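What follows is start.csv (CSV, C-alpha atoms).
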```csv
chain,number,residue,atom,x,y,z
O,14,PRO,CA,38.1,67.8,-61.4
O,15,CYS,CA,36.3,65.6,-58.9
O,16,PRO,CA,34.7,62.3,-60.0
O,17,ALA,CA,31.0,62.3,-60.7
O,18,GLY,CA,29.0,61.5,-57.6
O,19,PHE,CA,32.0,62.0,-55.3
O,20,PHE,CA,30.3,64.3,-52.9
O,21,GLU,CA,27.2,62.0,-52.6
O,22,GLN,CA,29.4,59.2,-51.1
O,23,ASP,CA,30.1,58.9,-47.4
O,24,GLN,CA,33.2,60.3,-45.9
O,25,ALA,CA,35.0,56.9,-45.5
O,26,TYR,CA,34.5,56.1,-49.1
O,27,GLN,CA,35.8,59.5,-50.2
O,28,LEU,CA,38.9,59.0,-48.0
O,29,GLU,CA,39.5,55.6,-49.5
O,30,LEU,CA,39.3,57.2,-53.0
O,31,VAL,CA,41.8,59.9,-52.0
O,32,THR,CA,44.1,57.3,-50.4
O,33,ASN,CA,44.2,55.4,-53.7
O,34,ASN,CA,44.6,58.6,-55.8
O,35,LEU,CA,46.1,61.6,-54.1
O,36,ASP,CA,45.3,63.8,-57.1
O,37,LEU,CA,41.7,63.8,-55.7
O,38,SER,CA,42.8,65.2,-52.3
O,39,HIS,CA,41.4,68.6,-53.1
O,40,CYS,CA,38.0,67.1,-53.5
O,41,TYR,CA,38.0,65.6,-50.1
O,42,CYS,CA,40.2,68.0,-48.1
O,43,SER,CA,38.4,71.2,-49.2
O,44,THR,CA,35.3,70.0,-47.4
O,45,LEU,CA,37.2,69.8,-44.1
O,46,GLY,CA,38.3,72.4,-41.6
O,47,ALA,CA,42.0,73.3,-41.2
O,48,THR,CA,42.4,71.3,-38.0
O,49,GLU,CA,40.9,68.2,-39.6
O,50,GLN,CA,43.1,68.6,-42.7
O,51,TRP,CA,46.2,68.9,-40.5
O,52,ASN,CA,45.4,65.6,-38.7
O,53,ILE,CA,44.7,63.6,-41.9
O,54,ASN,CA,47.9,62.6,-43.7
O,55,GLN,CA,46.3,62.7,-47.2
O,56,CYS,CA,45.2,66.3,-46.5
O,57,HIS,CA,48.3,67.7,-44.9
O,58,ASP,CA,50.0,68.6,-48.2
O,59,HIS,CA,46.7,70.1,-49.5
O,60,LEU,CA,46.5,72.3,-46.4
O,61,VAL,CA,50.2,73.4,-46.7
O,62,THR,CA,49.8,74.1,-50.4
O,63,THR,CA,46.5,76.1,-49.9
O,64,GLY,CA,48.1,78.0,-47.1
O,65,LYS,CA,51.1,79.0,-49.2
O,66,ALA,CA,48.8,80.0,-52.1
O,67,THR,CA,46.8,82.2,-49.7
O,68,ALA,CA,49.9,83.8,-48.2
O,69,THR,CA,51.3,84.5,-51.7
O,70,SER,CA,48.0,86.1,-52.7
O,71,TYR,CA,47.9,88.3,-49.7
O,72,GLY,CA,51.6,89.1,-50.0
O,73,ALA,CA,51.1,90.1,-53.7
O,74,GLY,CA,48.2,92.3,-52.6
O,75,PHE,CA,50.4,94.0,-49.9
O,76,ILE,CA,53.2,94.6,-52.5
O,77,VAL,CA,50.8,96.2,-55.0
O,78,VAL,CA,49.4,98.5,-52.3
O,79,PHE,CA,52.9,99.4,-51.1
O,80,MET,CA,53.9,100.2,-54.6
O,81,ASN,CA,50.8,102.3,-55.2
O,82,THR,CA,51.5,104.3,-52.0
O,83,ALA,CA,55.2,104.7,-53.1
O,84,PHE,CA,54.0,105.9,-56.5
O,85,THR,CA,51.8,108.5,-54.9
O,86,TRP,CA,54.6,109.7,-52.5
O,87,LEU,CA,57.2,109.8,-55.3
O,88,MET,CA,54.9,111.7,-57.8
O,89,ASP,CA,54.0,114.2,-55.1
O,90,HIS,CA,57.7,114.9,-54.3
O,91,ALA,CA,58.7,114.9,-58.0
O,92,GLY,CA,55.9,117.4,-58.8
O,93,ALA,CA,57.4,119.8,-56.3
O,94,PHE,CA,60.6,120.0,-58.4
O,95,GLU,CA,58.8,120.8,-61.6
O,96,LYS,CA,58.2,124.4,-62.6
O,97,HIS,CA,54.4,124.5,-62.8
O,98,GLN,CA,52.5,127.8,-63.3
O,99,SER,CA,50.1,127.0,-60.5
O,100,LEU,CA,49.3,124.5,-57.8
O,101,ASP,CA,46.3,123.3,-59.9
O,102,HIS,CA,48.6,122.4,-62.8
O,103,MET,CA,51.0,120.5,-60.5
O,104,GLU,CA,48.2,118.5,-58.8
O,105,THR,CA,46.7,117.7,-62.2
O,106,SER,CA,50.0,116.5,-63.5
O,107,ASN,CA,50.6,114.4,-60.4
O,108,MET,CA,47.1,113.0,-60.5
O,109,VAL,CA,47.5,111.8,-64.2
O,110,ARG,CA,50.8,110.1,-63.5
O,111,VAL,CA,49.6,108.5,-60.3
O,112,PHE,CA,46.5,107.3,-62.0
O,113,LEU,CA,48.4,105.7,-64.9
O,114,LEU,CA,50.9,104.0,-62.6
O,115,LYS,CA,48.2,102.7,-60.3
O,116,PHE,CA,46.1,101.5,-63.2
O,117,ILE,CA,49.0,99.5,-64.6
O,118,ASN,CA,50.1,98.2,-61.2
O,119,THR,CA,46.6,97.3,-59.9
O,120,GLY,CA,44.5,96.4,-62.9
O,121,CYS,CA,46.8,95.3,-65.7
O,122,LEU,CA,49.2,93.2,-63.7
O,123,VAL,CA,46.4,91.3,-61.9
O,124,LEU,CA,44.7,90.5,-65.3
O,125,LEU,CA,48.0,89.8,-67.1
O,126,TYR,CA,49.0,86.9,-64.9
O,127,GLY,CA,46.2,84.9,-66.6
O,128,GLN,CA,47.6,85.2,-70.0
O,129,LYS,CA,49.2,82.0,-71.3
O,130,TRP,CA,51.9,83.8,-73.4
O,131,LEU,CA,53.1,85.6,-70.2
O,132,GLN,CA,53.0,82.4,-68.2
O,133,ASN,CA,55.2,80.7,-70.8
O,134,LEU,CA,57.6,83.6,-70.9
O,135,VAL,CA,58.0,83.6,-67.1
O,136,GLY,CA,58.0,79.8,-66.9
O,137,ILE,CA,55.0,79.3,-64.6
O,138,SER,CA,51.6,77.7,-65.2
O,139,PHE,CA,48.2,78.1,-63.8
O,140,ASP,CA,45.7,75.4,-64.8
O,141,ASP,CA,42.7,77.6,-64.1
O,142,ALA,CA,43.7,80.9,-65.6
O,143,THR,CA,42.2,80.4,-69.1
O,144,ASP,CA,39.2,82.7,-68.8
O,145,PHE,CA,37.0,84.5,-66.3
O,146,ASN,CA,35.6,81.2,-65.0
O,147,VAL,CA,34.8,80.1,-61.5
O,148,GLU,CA,38.4,79.2,-60.8
O,149,TRP,CA,39.6,82.6,-61.8
O,150,TYR,CA,37.3,84.2,-59.3
O,151,ALA,CA,38.9,82.0,-56.6
O,152,THR,CA,42.4,83.1,-57.6
O,153,GLY,CA,42.7,86.3,-59.7
O,154,GLY,CA,39.4,87.7,-58.5
O,155,THR,CA,40.4,87.2,-54.9
O,156,SER,CA,43.7,88.9,-55.5
O,157,LEU,CA,42.0,91.8,-57.2
O,158,MET,CA,39.5,92.2,-54.3
O,159,ILE,CA,42.3,92.1,-51.7
O,160,VAL,CA,44.2,94.8,-53.6
O,161,MET,CA,41.1,97.0,-54.0
O,162,PHE,CA,40.1,96.6,-50.3
O,163,MET,CA,43.6,97.5,-49.1
O,164,ASN,CA,43.9,100.4,-51.5
O,165,ALA,CA,40.7,101.9,-50.0
O,166,PHE,CA,42.5,102.1,-46.6
O,167,ALA,CA,46.1,103.0,-47.9
```
With the file now loaded, output its structure as structure tokens.
Amino acid sequence: PCPAGFFEQDQAYQLELVTNNLDLSHCYCSTLGATEQWNINQCHDHLVTTGKATATSYGAGFIVVFMNTAFTWLMDHAGAFEKHQSLDHMETSNMVRVFLLKFINTGCLVLLYGQKWLQNLVGISFDDATDFNVEWYATGGTSLMIVMFMNAFA
């Protein structure tokens, strides 16, 4: 967290605090634009880290949408090989399986990444994934919205 009264200080004092303690770089750098962050040495790492996190979030969203599309295609083709009594039965069977696969892939996986036991099992850690707090909406919530938006057009 940022120190109390950090944002009430002038920009030169904020930069001095960040220079003395790089753990506060997110406090100062998040208020600047990308070009300004790139030009300030104390913010360069913050910009690169934020860019990687954003790219990973979008990449994960594209993977989820790709898998959902693949599930739909696979279930449609698998349903054609089953011996259903009617086209309605085949479509119902496909719809149930696609729904369950998409539900697990889209909803459960995005929510599961915030579970501490799963983070320990995989060997990763997110400092802000303890609950549905403000930080969750900046990470998990954003990922979920990306997936939902891309699924609408997939």
Contacts of O:His57 at 12 Å (all atoms listed in the file; same-chain gap of 4+ positions) as a PDB file with C-alpha atoms, in the coordinates of the input:
```
ATOM      1  CA  LEU O  35      46.100  61.600 -54.100  1.00  0.00           C
ATOM      2  CA  SER O  38      42.800  65.200 -52.300  1.00  0.00           C
ATOM      3  CA  HIS O  39      41.400  68.600 -53.100  1.00  0.00           C
ATOM      4  CA  TYR O  41      38.000  65.600 -50.100  1.00  0.00           C
ATOM      5  CA  CYS O  42      40.200  68.000 -48.100  1.00  0.00           C
ATOM      6  CA  SER O  43      38.400  71.200 -49.200  1.00  0.00           C
ATOM      7  CA  LEU O  45      37.200  69.800 -44.100  1.00  0.00           C
ATOM      8  CA  GLY O  46      38.300  72.400 -41.600  1.00  0.00           C
ATOM      9  CA  ALA O  47      42.000  73.300 -41.200  1.00  0.00           C
ATOM     10  CA  THR O  48      42.400  71.300 -38.000  1.00  0.00           C
ATOM     11  CA  GLU O  49      40.900  68.200 -39.600  1.00  0.00           C
ATOM     12  CA  GLN O  50      43.100  68.600 -42.700  1.00  0.00           C
ATOM     13  CA  TRP O  51      46.200  68.900 -40.500  1.00  0.00           C
ATOM     14  CA  ASN O  52      45.400  65.600 -38.700  1.00  0.00           C
ATOM     15  CA  ILE O  53      44.700  63.600 -41.900  1.00  0.00           C
ATOM     16  CA  VAL O  61      50.200  73.400 -46.700  1.00  0.00           C
ATOM     17  CA  THR O  62      49.800  74.100 -50.400  1.00  0.00           C
ATOM     18  CA  THR O  63      46.500  76.100 -49.900  1.00  0.00           C
ATOM     19  CA  GLY O  64      48.100  78.000 -47.100  1.00  0.00           C
TER      20      GLY O  64
END
```
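The space between atom CA of O:Ile76 and atom CA of O:Phe112 spans 17.2 Å.
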State, in Å with one decimal place, the distance from atom CA of O:Asn34 to atom CA of O:Gly18.
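For atom CA of O:Asn34 relative to atom CA of O:Gly18, the distance reads 16.0 Å.
Remark: for O:His59, the closest of the candidate residues O:Val160, O:Leu37, O:Leu100, O:Ala165 is O:Leu37 (distances computed over all atoms listed in the file).
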Checklist line | Shell around O:Phe94 at 12 Å using only C-alpha atoms, local window under 4 positions removed, as a PyMOL selection string | finding: chain O and resi 87-90+103+107
Would you compute the distance between atom CA of O:Gln55 and atom CA of O:Pro14? Give it in Å to one decimal.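 The value is 17.2 Å.
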Select, from O:Leu28, O:Arg110, O:Asp58, O:Thr119, the residue with the minimum atom-to-atom distance to O:Phe75, counting all atoms listed in the file.
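Smallest separation from O:Phe75 among the options: O:Thr119.
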The residue from O:Thr32, O:Thr69, O:Ser156, O:Thr82 with the smallest atom-to-atom distance to O:Lys115, counting all atoms listed in the file, is O:Thr82
#### Entry: Residue nearest O:Leu113 among O:Asn164, O:Asn33, O:Thr85, O:Ser99 (counting all atoms listed in the file)
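Closest residue, counting all atoms listed in the file: O:Thr85.
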